[in-house]
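Q: target-v1.cif is reproduced in full below (mmCIF, C-alpha atoms and all ligand atoms).
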```
data_target
loop_
_atom_site.label_atom_id
_atom_site.label_comp_id
_atom_site.auth_asym_id
_atom_site.auth_seq_id
_atom_site.Cartn_x
_atom_site.Cartn_y
_atom_site.Cartn_z
CA MET A 18 -7.29 29.42 -22.65
CA LYS A 19 -9.70 31.35 -20.42
CA ARG A 20 -11.54 28.82 -18.31
CA LYS A 21 -15.16 29.07 -17.29
CA PRO A 22 -15.92 28.14 -13.69
CA LEU A 23 -17.91 24.95 -13.06
CA ARG A 24 -19.29 25.16 -9.54
CA ILE A 25 -19.32 21.71 -7.92
CA GLY A 26 -21.72 20.60 -5.18
CA LEU A 27 -20.37 17.36 -3.71
CA VAL A 28 -22.54 15.00 -1.66
CA GLY A 29 -20.68 12.54 0.59
CA THR A 30 -17.31 12.99 2.27
CA GLY A 31 -16.05 9.42 2.50
CA PHE A 32 -13.67 7.46 0.27
CA MET A 33 -15.08 8.77 -3.02
CA GLY A 34 -15.72 12.28 -1.67
CA ARG A 35 -11.96 12.50 -1.13
CA ALA A 36 -11.03 10.87 -4.46
CA HIS A 37 -13.25 13.29 -6.41
CA SER A 38 -12.20 16.38 -4.45
CA ASN A 39 -8.58 15.51 -5.12
CA ALA A 40 -9.37 15.17 -8.84
CA TYR A 41 -11.17 18.53 -9.02
CA ARG A 42 -8.25 20.25 -7.31
CA LYS A 43 -5.56 18.71 -9.51
CA VAL A 44 -7.10 18.54 -12.95
CA GLY A 45 -6.49 22.15 -13.99
CA ASN A 46 -2.80 21.93 -13.14
CA PHE A 47 -2.21 19.14 -15.63
CA PHE A 48 -4.87 19.42 -18.35
CA ASP A 49 -5.81 22.37 -20.56
CA LEU A 50 -9.56 22.54 -20.26
CA PRO A 51 -12.43 24.88 -21.08
CA TYR A 52 -13.74 24.68 -17.50
CA GLU A 53 -12.16 24.99 -14.06
CA PRO A 54 -13.91 23.09 -11.24
CA VAL A 55 -14.76 25.37 -8.32
CA LEU A 56 -15.27 23.64 -4.98
CA GLN A 57 -18.45 25.55 -4.21
CA ALA A 58 -20.22 23.41 -1.61
CA VAL A 59 -19.97 20.04 0.11
CA CYS A 60 -22.78 18.16 1.83
CA ALA A 61 -22.91 15.41 4.44
CA ARG A 62 -25.37 14.87 7.26
CA ASN A 63 -23.05 15.65 10.18
CA ALA A 64 -22.49 19.44 10.23
CA GLU A 65 -19.28 19.23 12.26
CA ASN A 66 -17.69 16.61 10.02
CA VAL A 67 -18.70 18.37 6.83
CA ALA A 68 -17.19 21.65 8.10
CA ALA A 69 -13.90 19.86 8.81
CA PHE A 70 -13.96 18.29 5.33
CA ALA A 71 -14.68 21.66 3.70
CA ALA A 72 -11.78 23.28 5.55
CA LYS A 73 -9.38 20.48 4.61
CA TRP A 74 -10.26 20.31 0.91
CA GLY A 75 -11.10 23.97 0.30
CA TYR A 76 -14.86 23.96 -0.23
CA ALA A 77 -16.37 27.44 0.06
CA SER A 78 -19.54 26.36 1.91
CA THR A 79 -21.37 23.40 3.44
CA GLU A 80 -24.83 21.87 3.60
CA SER A 81 -26.16 19.05 5.76
CA ASP A 82 -29.21 18.24 3.60
CA TRP A 83 -28.61 17.31 -0.05
CA ARG A 84 -32.00 18.82 -1.01
CA LYS A 85 -30.72 22.26 -0.01
CA LEU A 86 -27.57 21.70 -2.03
CA VAL A 87 -29.56 20.71 -5.12
CA ALA A 88 -31.77 23.80 -4.73
CA ARG A 89 -28.84 26.25 -4.71
CA SER A 90 -28.58 28.54 -7.70
CA ASP A 91 -24.80 28.95 -7.23
CA VAL A 92 -24.08 25.27 -7.95
CA ASP A 93 -23.76 23.98 -11.54
CA ALA A 94 -23.03 20.28 -11.00
CA ILE A 95 -24.03 17.77 -8.34
CA ASP A 96 -21.53 15.00 -7.65
CA ILE A 97 -23.03 12.01 -5.83
CA CYS A 98 -20.54 10.17 -3.58
CA THR A 99 -23.01 8.61 -1.16
CA PRO A 100 -24.18 5.01 -0.62
CA ASN A 101 -26.16 3.39 -3.43
CA ASP A 102 -29.62 3.79 -1.88
CA THR A 103 -29.33 7.59 -2.16
CA HIS A 104 -28.24 7.80 -5.82
CA LYS A 105 -31.70 7.75 -7.39
CA ASP A 106 -33.36 10.49 -5.35
CA ILE A 107 -30.37 12.82 -5.47
CA ALA A 108 -29.75 12.32 -9.20
CA ILE A 109 -33.39 12.80 -10.17
CA ALA A 110 -33.75 15.93 -8.02
CA ALA A 111 -30.50 17.32 -9.42
CA ALA A 112 -31.59 16.68 -13.02
CA GLN A 113 -34.98 18.29 -12.36
CA ALA A 114 -33.15 21.33 -10.99
CA GLY A 115 -31.21 21.50 -14.28
CA LYS A 116 -27.88 20.51 -12.76
CA ILE A 117 -25.14 18.53 -14.42
CA VAL A 118 -25.05 15.16 -12.61
CA LEU A 119 -21.98 13.07 -11.84
CA CYS A 120 -22.88 9.87 -10.00
CA GLU A 121 -20.77 7.20 -8.35
CA LYS A 122 -21.16 3.61 -9.46
CA PRO A 123 -23.17 1.46 -9.44
CA LEU A 124 -25.71 3.80 -11.02
CA ALA A 125 -28.36 2.51 -8.59
CA ARG A 126 -29.38 -0.45 -6.45
CA ASP A 127 -31.10 -2.09 -9.40
CA ALA A 128 -32.12 -1.51 -13.01
CA ARG A 129 -35.58 -0.22 -12.08
CA GLU A 130 -34.02 2.67 -10.15
CA GLY A 131 -31.43 3.10 -12.89
CA ALA A 132 -34.10 3.42 -15.58
CA ALA A 133 -35.79 6.25 -13.64
CA MET A 134 -32.44 8.03 -13.37
CA VAL A 135 -31.71 7.69 -17.08
CA ALA A 136 -35.19 9.02 -17.90
CA ALA A 137 -34.65 12.01 -15.57
CA VAL A 138 -31.31 13.13 -17.05
CA GLU A 139 -32.54 12.58 -20.60
CA ARG A 140 -35.77 14.48 -19.98
CA ALA A 141 -33.86 17.37 -18.41
CA LYS A 142 -31.14 17.15 -21.13
CA VAL A 143 -28.41 17.61 -18.52
CA PRO A 144 -24.87 16.31 -19.04
CA ASN A 145 -24.29 13.20 -16.93
CA ILE A 146 -21.60 10.65 -16.18
CA VAL A 147 -21.00 7.68 -13.86
CA TRP A 148 -17.65 7.11 -12.14
CA TYR A 149 -16.55 3.82 -13.63
CA ASN A 150 -13.05 5.17 -13.24
CA TYR A 151 -11.04 2.08 -14.23
CA ARG A 152 -11.68 2.88 -17.91
CA ARG A 153 -9.29 5.78 -17.41
CA VAL A 154 -6.36 3.95 -15.90
CA PRO A 155 -3.90 4.55 -18.78
CA ALA A 156 -3.10 0.82 -19.16
CA VAL A 157 -6.82 0.02 -19.46
CA THR A 158 -7.34 2.84 -21.96
CA LEU A 159 -4.35 1.46 -23.89
CA ALA A 160 -6.03 -1.97 -23.92
CA LYS A 161 -9.09 -0.30 -25.48
CA GLN A 162 -6.91 1.36 -28.15
CA LEU A 163 -5.18 -1.93 -29.03
CA ILE A 164 -8.51 -3.75 -29.31
CA ASP A 165 -10.04 -0.98 -31.44
CA GLU A 166 -6.99 -1.05 -33.71
CA GLY A 167 -7.72 -4.76 -34.29
CA LYS A 168 -4.47 -5.98 -32.67
CA LEU A 169 -6.26 -8.91 -31.02
CA GLY A 170 -8.35 -9.91 -34.04
CA LYS A 171 -11.41 -11.95 -33.23
CA VAL A 172 -11.88 -12.24 -29.46
CA PHE A 173 -12.52 -15.70 -28.00
CA HIS A 174 -12.30 -15.25 -24.23
CA TYR A 175 -12.83 -12.52 -21.62
CA ARG A 176 -11.87 -13.36 -18.02
CA ALA A 177 -12.21 -11.03 -15.04
CA VAL A 178 -11.98 -11.33 -11.27
CA PHE A 179 -12.32 -8.86 -8.41
CA LEU A 180 -11.24 -10.33 -5.08
CA GLN A 181 -11.22 -8.92 -1.55
CA ASP A 182 -11.04 -10.40 1.94
CA TRP A 183 -12.51 -7.88 4.39
CA THR A 184 -15.89 -9.41 5.39
CA ILE A 185 -14.80 -12.90 6.46
CA ALA A 186 -15.25 -12.34 10.23
CA ALA A 187 -18.78 -13.41 11.25
CA SER A 188 -18.57 -10.85 14.07
CA LEU A 189 -18.49 -7.95 11.57
CA PRO A 190 -21.79 -6.02 11.80
CA GLN A 191 -23.79 -4.84 8.79
CA GLY A 192 -25.17 -1.36 8.04
CA GLY A 193 -24.33 2.21 8.93
CA ALA A 194 -21.15 4.20 8.35
CA GLY A 195 -18.39 2.18 6.75
CA LEU A 196 -20.48 -1.01 6.63
CA TRP A 197 -23.41 0.00 4.44
CA ARG A 198 -22.04 -2.32 1.71
CA LEU A 199 -23.16 -5.32 3.81
CA ASP A 200 -26.73 -4.01 4.15
CA VAL A 201 -28.79 -4.99 1.12
CA ASN A 202 -31.19 -2.08 1.61
CA ALA A 203 -28.36 0.44 1.30
CA ALA A 204 -26.22 -1.38 -1.27
CA GLY A 205 -28.82 -3.16 -3.44
CA SER A 206 -26.55 -6.20 -3.76
CA GLY A 207 -23.18 -7.42 -2.55
CA VAL A 208 -20.14 -8.05 -4.69
CA THR A 209 -22.28 -8.04 -7.86
CA GLY A 210 -23.16 -4.33 -7.70
CA ASP A 211 -20.04 -3.28 -5.82
CA LEU A 212 -17.20 -5.11 -7.55
CA LEU A 213 -18.49 -7.05 -10.57
CA ALA A 214 -20.15 -3.84 -11.78
CA HIS A 215 -16.63 -2.51 -12.39
CA CYS A 216 -15.63 -5.70 -14.24
CA ILE A 217 -18.83 -5.59 -16.30
CA ASP A 218 -18.43 -1.92 -17.22
CA THR A 219 -14.86 -2.54 -18.41
CA ALA A 220 -15.94 -5.67 -20.29
CA LEU A 221 -18.83 -3.94 -22.10
CA TRP A 222 -16.48 -1.12 -23.04
CA LEU A 223 -13.66 -3.37 -24.27
CA ASN A 224 -15.58 -6.31 -25.69
CA GLY A 225 -19.15 -5.16 -26.41
CA GLY A 226 -22.51 -6.31 -25.09
CA ILE A 227 -23.23 -9.39 -22.98
CA ALA A 228 -26.10 -11.46 -24.40
CA SER A 229 -26.70 -14.09 -21.70
CA VAL A 230 -25.40 -15.18 -18.30
CA SER A 231 -25.40 -18.14 -15.94
CA ALA A 232 -24.53 -17.25 -12.36
CA MET A 233 -24.15 -18.58 -8.84
CA THR A 234 -23.97 -16.52 -5.66
CA GLU A 235 -23.37 -17.36 -2.02
CA THR A 236 -23.89 -15.58 1.28
CA PHE A 237 -21.39 -17.24 3.58
CA VAL A 238 -22.41 -15.41 6.76
CA LYS A 239 -26.20 -15.58 6.93
CA GLN A 240 -26.86 -13.23 9.86
CA ARG A 241 -25.08 -10.19 11.20
CA MET A 242 -25.80 -7.62 13.86
CA HIS A 243 -27.26 -4.52 12.20
CA ASN A 244 -25.59 -1.30 13.30
CA LEU A 245 -28.71 0.81 12.83
CA THR A 246 -31.26 -1.46 14.60
CA GLY A 247 -28.91 -3.17 17.08
CA LYS A 248 -30.55 -6.51 16.16
CA VAL A 249 -29.12 -9.62 14.54
CA GLU A 250 -30.68 -9.63 11.06
CA PRO A 251 -30.47 -11.82 7.94
CA VAL A 252 -27.75 -10.81 5.48
CA GLY A 253 -29.33 -10.00 2.11
CA ILE A 254 -26.22 -9.40 0.01
CA ASP A 255 -24.23 -11.82 -2.12
CA ASP A 256 -20.82 -12.36 -0.48
CA ALA A 257 -19.52 -14.05 -3.62
CA CYS A 258 -20.69 -14.32 -7.21
CA ALA A 259 -19.36 -16.16 -10.24
CA PHE A 260 -20.91 -16.11 -13.67
CA LEU A 261 -20.43 -17.33 -17.19
CA ALA A 262 -21.34 -15.00 -20.05
CA ARG A 263 -21.84 -15.08 -23.78
CA PHE A 264 -20.90 -11.82 -25.48
CA GLY A 265 -22.69 -10.54 -28.56
CA ASN A 266 -19.42 -10.89 -30.54
CA GLY A 267 -19.40 -14.66 -29.92
CA SER A 268 -16.72 -14.67 -27.21
CA LEU A 269 -17.11 -16.44 -23.86
CA GLY A 270 -16.79 -14.62 -20.54
CA ILE A 271 -16.03 -15.81 -17.04
CA PHE A 272 -16.33 -13.44 -14.08
CA GLU A 273 -15.73 -14.01 -10.37
CA SER A 274 -15.91 -11.79 -7.32
CA THR A 275 -15.78 -12.42 -3.59
CA ARG A 276 -14.94 -10.69 -0.33
CA TYR A 277 -13.74 -14.04 1.08
CA ALA A 278 -10.41 -14.50 -0.76
CA ARG A 279 -7.84 -14.30 2.05
CA GLY A 280 -4.82 -12.29 1.02
CA HIS A 281 -6.54 -10.25 -1.67
CA LYS A 282 -7.46 -6.62 -0.94
CA ALA A 283 -8.55 -5.33 -4.36
CA LEU A 284 -7.34 -7.83 -6.94
CA TYR A 285 -9.11 -6.71 -10.09
CA THR A 286 -7.65 -8.49 -13.10
CA PHE A 287 -8.82 -9.13 -16.62
CA GLU A 288 -7.43 -11.13 -19.53
CA ILE A 289 -8.65 -11.13 -23.10
CA ASN A 290 -7.61 -13.79 -25.60
CA GLY A 291 -7.93 -13.01 -29.30
CA GLU A 292 -7.02 -14.70 -32.55
CA HIS A 293 -3.68 -12.85 -32.87
CA ALA A 294 -2.90 -11.60 -29.39
CA SER A 295 -3.82 -11.56 -25.70
CA ILE A 296 -3.99 -8.73 -23.19
CA ALA A 297 -3.89 -8.89 -19.40
CA TRP A 298 -4.17 -6.23 -16.69
CA ASP A 299 -3.91 -6.28 -12.90
CA LEU A 300 -5.04 -3.44 -10.61
CA HIS A 301 -2.23 -4.25 -8.16
CA ASP A 302 0.23 -3.37 -10.92
CA LEU A 303 -2.04 -0.86 -12.64
CA HIS A 304 0.58 1.00 -14.64
CA ARG A 305 1.52 -2.13 -16.63
CA LEU A 306 -0.28 -3.86 -19.49
CA SER A 307 0.70 -7.40 -20.42
CA PHE A 308 0.57 -8.17 -24.13
CA PHE A 309 1.35 -11.31 -26.10
CA ASP A 310 1.44 -11.18 -29.89
CA HIS A 311 1.52 -14.44 -31.81
CA ARG A 312 2.68 -12.53 -34.91
CA ASP A 313 6.06 -11.79 -33.29
CA GLU A 314 9.08 -13.67 -34.61
CA SER A 315 8.76 -17.12 -32.97
CA LYS A 316 12.12 -17.10 -31.16
CA LEU A 317 11.25 -13.75 -29.54
CA ARG A 318 7.61 -14.54 -28.85
CA GLY A 319 6.47 -14.09 -25.25
CA TRP A 320 4.42 -11.96 -22.89
CA ARG A 321 5.71 -8.41 -22.75
CA SER A 322 5.02 -6.15 -19.82
CA ILE A 323 4.41 -2.64 -21.12
CA HIS A 324 5.30 0.05 -18.61
CA VAL A 325 2.51 2.48 -19.54
CA THR A 326 4.38 5.72 -18.85
CA ASP A 327 5.44 7.04 -22.25
CA GLY A 328 4.23 10.30 -23.71
CA ASP A 329 2.31 8.49 -26.44
CA HIS A 330 0.45 6.31 -23.92
CA PRO A 331 -3.07 7.52 -23.00
CA TYR A 332 -3.03 10.52 -20.63
CA MET A 333 0.68 10.09 -19.81
CA GLY A 334 1.88 13.05 -21.86
CA LYS A 335 0.11 15.26 -19.31
CA TRP A 336 2.07 13.95 -16.31
CA TRP A 337 5.78 13.47 -15.69
CA VAL A 338 8.53 12.11 -17.94
CA PRO A 339 8.66 8.62 -19.51
CA GLY A 340 9.34 5.90 -16.95
CA LEU A 341 7.62 7.67 -14.06
CA GLN A 342 4.31 6.07 -13.24
CA ILE A 343 1.05 7.39 -11.83
CA GLY A 344 -1.58 5.65 -9.67
CA TYR A 345 -5.18 5.00 -8.67
CA GLU A 346 -6.22 8.59 -7.95
CA HIS A 347 -5.23 9.71 -11.44
CA SER A 348 -8.07 7.71 -13.01
CA PHE A 349 -10.46 10.17 -11.34
CA VAL A 350 -8.43 13.16 -12.57
CA HIS A 351 -8.67 11.73 -16.09
CA GLN A 352 -12.42 11.27 -15.78
CA VAL A 353 -12.87 14.91 -14.73
CA ALA A 354 -10.55 16.05 -17.56
CA ASP A 355 -12.49 14.11 -20.21
CA PHE A 356 -15.83 15.23 -18.81
CA LEU A 357 -14.88 18.92 -18.81
CA ASP A 358 -13.40 18.63 -22.28
CA GLY A 359 -16.67 17.08 -23.51
CA LEU A 360 -18.66 19.80 -21.78
CA GLY A 361 -16.70 22.43 -23.67
CA LYS A 362 -17.33 20.66 -26.98
CA GLY A 363 -20.97 19.91 -26.16
CA VAL A 364 -20.44 16.15 -26.52
CA ALA A 365 -21.46 13.41 -24.10
CA VAL A 366 -18.58 11.61 -22.41
CA GLY A 367 -19.07 8.04 -21.22
CA PRO A 368 -20.01 6.22 -19.24
CA THR A 369 -23.24 8.21 -19.33
CA PHE A 370 -26.17 7.17 -17.16
CA ALA A 371 -27.59 5.31 -20.18
CA GLU A 372 -24.34 3.36 -20.60
CA ALA A 373 -24.06 2.60 -16.87
CA GLN A 374 -27.65 1.34 -17.00
CA ARG A 375 -26.46 -1.45 -19.34
CA THR A 376 -24.11 -2.60 -16.58
CA GLN A 377 -27.02 -2.36 -14.13
CA VAL A 378 -29.16 -4.59 -16.35
CA VAL A 379 -26.35 -7.18 -16.57
CA CYS A 380 -26.00 -7.10 -12.75
CA ASP A 381 -29.74 -7.66 -12.30
CA THR A 382 -29.69 -10.51 -14.85
CA VAL A 383 -26.74 -12.13 -13.05
CA LEU A 384 -28.62 -12.05 -9.74
CA GLU A 385 -31.79 -13.34 -11.41
CA SER A 386 -29.83 -16.21 -12.97
CA ALA A 387 -28.37 -17.12 -9.57
CA ARG A 388 -31.83 -17.02 -7.96
CA THR A 389 -33.45 -19.17 -10.65
CA LYS A 390 -30.40 -21.41 -11.29
CA ALA A 391 -30.84 -20.93 -15.03
CA TRP A 392 -29.22 -19.18 -18.00
CA ARG A 393 -30.83 -15.78 -18.53
CA GLU A 394 -30.87 -13.51 -21.57
CA VAL A 395 -29.79 -9.91 -20.92
CA ALA A 396 -32.71 -7.63 -21.85
CA GLY A 397 -31.88 -5.19 -24.64
CA ALA A 398 -28.49 -6.83 -25.32
N1 LIG B 401 -15.49 4.28 -8.47
C1 LIG B 401 -15.01 3.50 -7.52
O1 LIG B 401 -14.03 2.81 -7.70
C2 LIG B 401 -15.69 3.48 -6.17
C3 LIG B 401 -14.94 3.13 -5.03
C4 LIG B 401 -15.58 3.19 -3.79
C5 LIG B 401 -16.92 3.53 -3.72
N2 LIG B 401 -17.62 3.83 -4.85
C6 LIG B 401 -19.04 4.22 -4.77
O2 LIG B 401 -19.10 5.53 -4.19
C7 LIG B 401 -20.25 5.65 -3.36
C8 LIG B 401 -19.79 6.04 -1.97
O3 LIG B 401 -18.89 5.05 -1.48
P1 LIG B 401 -17.73 5.40 -0.44
O4 LIG B 401 -16.81 4.24 -0.41
O5 LIG B 401 -17.20 6.75 -0.69
O6 LIG B 401 -18.61 5.41 0.91
P2 LIG B 401 -18.22 6.01 2.31
O7 LIG B 401 -19.00 5.20 3.29
O8 LIG B 401 -16.74 6.13 2.46
O9 LIG B 401 -18.80 7.49 2.24
C9 LIG B 401 -20.17 7.75 2.08
C10 LIG B 401 -20.43 9.19 2.45
O10 LIG B 401 -21.81 9.47 2.20
C11 LIG B 401 -22.35 10.20 3.31
N3 LIG B 401 -23.78 10.02 3.30
C12 LIG B 401 -24.50 8.90 3.48
N4 LIG B 401 -25.81 9.15 3.36
C13 LIG B 401 -25.93 10.47 3.08
C14 LIG B 401 -27.03 11.34 2.85
N5 LIG B 401 -28.27 10.90 2.88
N6 LIG B 401 -26.78 12.65 2.60
C15 LIG B 401 -25.51 13.12 2.58
N7 LIG B 401 -24.43 12.34 2.80
C16 LIG B 401 -24.64 11.04 3.05
C17 LIG B 401 -21.62 9.60 4.49
O11 LIG B 401 -21.69 10.44 5.61
C18 LIG B 401 -20.19 9.51 3.91
O12 LIG B 401 -19.56 10.77 3.96
C19 LIG B 401 -20.96 4.30 -3.45
O13 LIG B 401 -21.98 4.35 -4.40
C20 LIG B 401 -19.87 3.35 -3.89
O14 LIG B 401 -20.36 2.22 -4.58
C21 LIG B 401 -17.02 3.81 -6.06
#
```
Write out the structure in this file as C-alpha cells.

A:
Amino acid sequence: MKRKPLRIGLVGTGFMGRAHSNAYRKVGNFFDLPYEPVLQAVCARNAENVAAFAAKWGYASTESDWRKLVARSDVDAIDICTPNDTHKDIAIAAAQAGKIVLCEKPLARDAREGAAMVAAVERAKVPNIVWYNYRRVPAVTLAKQLIDEGKLGKVFHYRAVFLQDWTIAASLPQGGAGLWRLDVNAAGSGVTGDLLAHCIDTALWLNGGIASVSAMTETFVKQRMHNLTGKVEPVGIDDACAFLARFGNGSLGIFESTRYARGHKALYTFEINGEHASIAWDLHDLHRLSFFDHRDESKLRGWRSIHVTDGDHPYMGKWWVPGLQIGYEHSFVHQVADFLDGLGKGVAVGPTFAEAQRTQVVCDTVLESARTKAWREVAGA
C-alpha cells in the first residue's frame, strides 16, 4: 500500500516525547497503514536540548516556541507531550490552525479547560485523540473483548488501584522540570488527574459510565520548596485519593491511588467480578490477563493466567511469534497504528477529546466529593 506522509510536530521532549517518537518510528515497520508518520519538527523551550533530541530521534527541524510550530504549514498534526497546564492553549491553537491534535492525558487540568478543548476540535472538525495508552496493552484490549462478548455476564464489582512511592520525602521540592506534577498550577491535581485518570479511562471503557462518587483525598506533605520561586509554598495537590463509585450498569467501583505506597513504582491493577467470570490485570505483569470462569468443570476450576502473546490476541499477530511478549512502549505504537488506520478510513478513534472529557468530569467530581465530604453525582453520566 502506498502510504501518505503525516507530518508530525511534537511538543515536549520528556518521558512522553520519547515514548511517542519511538512509536512514530516503529509503527510503519509492523503495521500496514494508509499513513506514514514523518518526524517533521520537535519543539521544547531550550534550543540546545531540543536540537540534541531532534538529532537523536531523527526530527527534521526544531522550534523553541510551540506557537511557531502550530503556525507552520508543513506540519499536519500537533502532538502535545507537555505538562498539563499547557494542553489547553496548545490544543486550541492547533485546532484553530486546522491541525490534527494528539494530546497527552489528562486532557486538561480540569473539566472547564477540557470543555473548551472539546469545543475547539469539534468546531474545527479536526481528528483528535488523547493518549490513554493502557487501553492498547494487548491484555487490556483482550479484557475489553471478553467483556463485550458477554463472558463475564452481569458485572458486580470494579476495583482499581494505581500506587507509587516517589514523593514521600518531605525534602522533595515542587514545581519545574521533573517535579511539575507536585505543583497544582501545572498539574491541576495530584494523583487524581495523573494516575486515577488512567484507571477511570479504562473503567469507563470496560464497564461504562460512572454515575456517582464518594471520595477522600489527603496531602501528606503540606508545604514544599517551590523550584520556580525558591520559596516554601503550600502543596495544592492530592497526594492520595480513594473513592467509591456507582456505575450506570449497577456495579460498584472502588478506586485508590497514592504516591506514598513504599515499594510500589507503578502498580496499576484492576479486577472485575461478573456473574459468570472475573478478570484481573496488573501493569507489572502487563502481558498476562488473569481469568476465572465459574462455568468451567468444577474440578478444573481456578484462575488461569493467559500469556497474551498468541496471533489471535489483540495486536500480537503484528509482532513476533506466539510466546514472545511485548511491553509498555508497544501500547503507544498500537495507539498510533489505530489512529492512522482510522484517519485513512475517515473514522474517529478513541479516546477522542470528547471521551477523555468524561474522565475529566469524573476526576473533577471526585475532587469535589472529597472537598465537600459528600456523595456527588457525575454530571452528564
Ligand atoms: N500516557 C501516559 O501513560 C503518560 C505517562 C507520563 C506522562 N503523561 C502525560 O504526558 C505529559 C508530559 O509528561 P512527561 O512525563 O512527558 O513530562 P516531562 O516532564 O518528562 O516532559 C515535559 C516536556 O515538556 C516540555 N515543556 C514544558 N513546558 C513547555 C512549553 N511551554 N513549551 C514547550 N515545551 C514545554 C519540557 O521541557 C519537557 O521536555 C503530561 O500531560 C503527563 O500527564 C502521560

Q: Give me the residues within 8 Å of A:Arg305 as a PyMOL selection string, counting all atoms listed in the file and dropping any in the same chain fewer than 2 places off.

A: chain A and resi 156+298-299+302-303+307+322-325

Q: So which residues are near ligand LIG 401 (chain B), meaning at most 6 Å away with all atoms listed in the file counted, given back as an mmCIF file with C-alpha atoms, keeping the file's coordinate frame?

A:
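Now in part.cif:
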```cif
data_model
loop_
_atom_site.group_PDB
_atom_site.id
_atom_site.type_symbol
_atom_site.label_atom_id
_atom_site.label_comp_id
_atom_site.auth_asym_id
_atom_site.auth_seq_id
_atom_site.Cartn_x
_atom_site.Cartn_y
_atom_site.Cartn_z
ATOM 1 C CA VAL A 28 -22.540 15.000 -1.660
ATOM 2 C CA GLY A 29 -20.680 12.540 0.590
ATOM 3 C CA THR A 30 -17.310 12.990 2.270
ATOM 4 C CA GLY A 31 -16.050 9.420 2.500
ATOM 5 C CA PHE A 32 -13.670 7.460 0.270
ATOM 6 C CA MET A 33 -15.080 8.770 -3.020
ATOM 7 C CA GLY A 34 -15.720 12.280 -1.670
ATOM 8 C CA CYS A 60 -22.780 18.160 1.830
ATOM 9 C CA ALA A 61 -22.910 15.410 4.440
ATOM 10 C CA ARG A 62 -25.370 14.870 7.260
ATOM 11 C CA TRP A 83 -28.610 17.310 -0.050
ATOM 12 C CA CYS A 98 -20.540 10.170 -3.580
ATOM 13 C CA THR A 99 -23.010 8.610 -1.160
ATOM 14 C CA PRO A 100 -24.180 5.010 -0.620
ATOM 15 C CA ASN A 101 -26.160 3.390 -3.430
ATOM 16 C CA GLU A 121 -20.770 7.200 -8.350
ATOM 17 C CA LYS A 122 -21.160 3.610 -9.460
ATOM 18 C CA PRO A 123 -23.170 1.460 -9.440
ATOM 19 C CA TRP A 148 -17.650 7.110 -12.140
ATOM 20 C CA TYR A 149 -16.550 3.820 -13.630
ATOM 21 C CA ASN A 150 -13.050 5.170 -13.240
ATOM 22 C CA ALA A 194 -21.150 4.200 8.350
ATOM 23 C CA GLY A 195 -18.390 2.180 6.750
ATOM 24 C CA ASP A 211 -20.040 -3.280 -5.820
#
```

Q: Name the closest residue to A:Glu385 among the candidates A:Leu27, A:Ala128, A:Ala283, A:Val252; distances are taken between atoms, counting all atoms listed in the file.

A: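 Counting all atoms listed in the file, the residue closest to A:Glu385 is A:Ala128.
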
Q: For each of A:Leu306, A:Ala36, A:Val249, A:Val364, take the minimum atom-to-atom distance to A:Val350, counting all atoms listed in the file, then give the residue where this is smallest.

A: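 Using all atoms listed in the file, A:Val350 sits closest to A:Ala36.
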
Q: Which stretch 244-329 of chain A residues have any atom within 12 Å of an atom of stretch 168-175 of chain A, and for each, what is the nearest pair of atoms with distance in Å to one decimal, counting all atoms listed in the file, rows sorted by chain and number, as JSON lines?

A:
```
{"residue": "A:Phe260", "atom": "CA", "partner": "A:Tyr175", "partner_atom": "CA", "distance": 11.9}
{"residue": "A:Leu261", "atom": "CA", "partner": "A:Tyr175", "partner_atom": "CA", "distance": 10.0}
{"residue": "A:Ala262", "atom": "CA", "partner": "A:Tyr175", "partner_atom": "CA", "distance": 9.0}
{"residue": "A:Arg263", "atom": "CA", "partner": "A:His174", "partner_atom": "CA", "distance": 9.6}
{"residue": "A:Phe264", "atom": "CA", "partner": "A:Tyr175", "partner_atom": "CA", "distance": 9.0}
{"residue": "A:Gly265", "atom": "CA", "partner": "A:Val172", "partner_atom": "CA", "distance": 11.0}
{"residue": "A:Asn266", "atom": "CA", "partner": "A:Val172", "partner_atom": "CA", "distance": 7.7}
{"residue": "A:Gly267", "atom": "CA", "partner": "A:Phe173", "partner_atom": "CA", "distance": 7.2}
{"residue": "A:Ser268", "atom": "CA", "partner": "A:Phe173", "partner_atom": "CA", "distance": 4.4}
{"residue": "A:Leu269", "atom": "CA", "partner": "A:His174", "partner_atom": "CA", "distance": 5.0}
{"residue": "A:Gly270", "atom": "CA", "partner": "A:Tyr175", "partner_atom": "CA", "distance": 4.6}
{"residue": "A:Ile271", "atom": "CA", "partner": "A:Tyr175", "partner_atom": "CA", "distance": 6.5}
{"residue": "A:Phe272", "atom": "CA", "partner": "A:Tyr175", "partner_atom": "CA", "distance": 8.4}
{"residue": "A:Glu273", "atom": "CA", "partner": "A:Tyr175", "partner_atom": "CA", "distance": 11.7}
{"residue": "A:Thr286", "atom": "CA", "partner": "A:Tyr175", "partner_atom": "CA", "distance": 10.8}
{"residue": "A:Phe287", "atom": "CA", "partner": "A:Tyr175", "partner_atom": "CA", "distance": 7.3}
{"residue": "A:Glu288", "atom": "CA", "partner": "A:Tyr175", "partner_atom": "CA", "distance": 6.0}
{"residue": "A:Ile289", "atom": "CA", "partner": "A:Tyr175", "partner_atom": "CA", "distance": 4.6}
{"residue": "A:Asn290", "atom": "CA", "partner": "A:His174", "partner_atom": "CA", "distance": 5.1}
{"residue": "A:Gly291", "atom": "CA", "partner": "A:Val172", "partner_atom": "CA", "distance": 4.0}
{"residue": "A:Glu292", "atom": "CA", "partner": "A:Gly170", "partner_atom": "CA", "distance": 5.2}
{"residue": "A:His293", "atom": "CA", "partner": "A:Leu169", "partner_atom": "CA", "distance": 5.1}
{"residue": "A:Ala294", "atom": "CA", "partner": "A:Leu169", "partner_atom": "CA", "distance": 4.6}
{"residue": "A:Ser295", "atom": "CA", "partner": "A:Leu169", "partner_atom": "CA", "distance": 6.4}
{"residue": "A:Ile296", "atom": "CA", "partner": "A:Leu169", "partner_atom": "CA", "distance": 8.2}
{"residue": "A:Ala297", "atom": "CA", "partner": "A:Tyr175", "partner_atom": "CA", "distance": 9.9}
{"residue": "A:Trp298", "atom": "CA", "partner": "A:Tyr175", "partner_atom": "CA", "distance": 11.8}
{"residue": "A:Phe308", "atom": "CA", "partner": "A:Leu169", "partner_atom": "CA", "distance": 9.7}
{"residue": "A:Phe309", "atom": "CA", "partner": "A:Leu169", "partner_atom": "CA", "distance": 9.4}
{"residue": "A:Asp310", "atom": "CA", "partner": "A:Leu169", "partner_atom": "CA", "distance": 8.1}
{"residue": "A:His311", "atom": "CA", "partner": "A:Leu169", "partner_atom": "CA", "distance": 9.6}
{"residue": "A:Arg312", "atom": "CA", "partner": "A:Lys168", "partner_atom": "CA", "distance": 10.0}
```
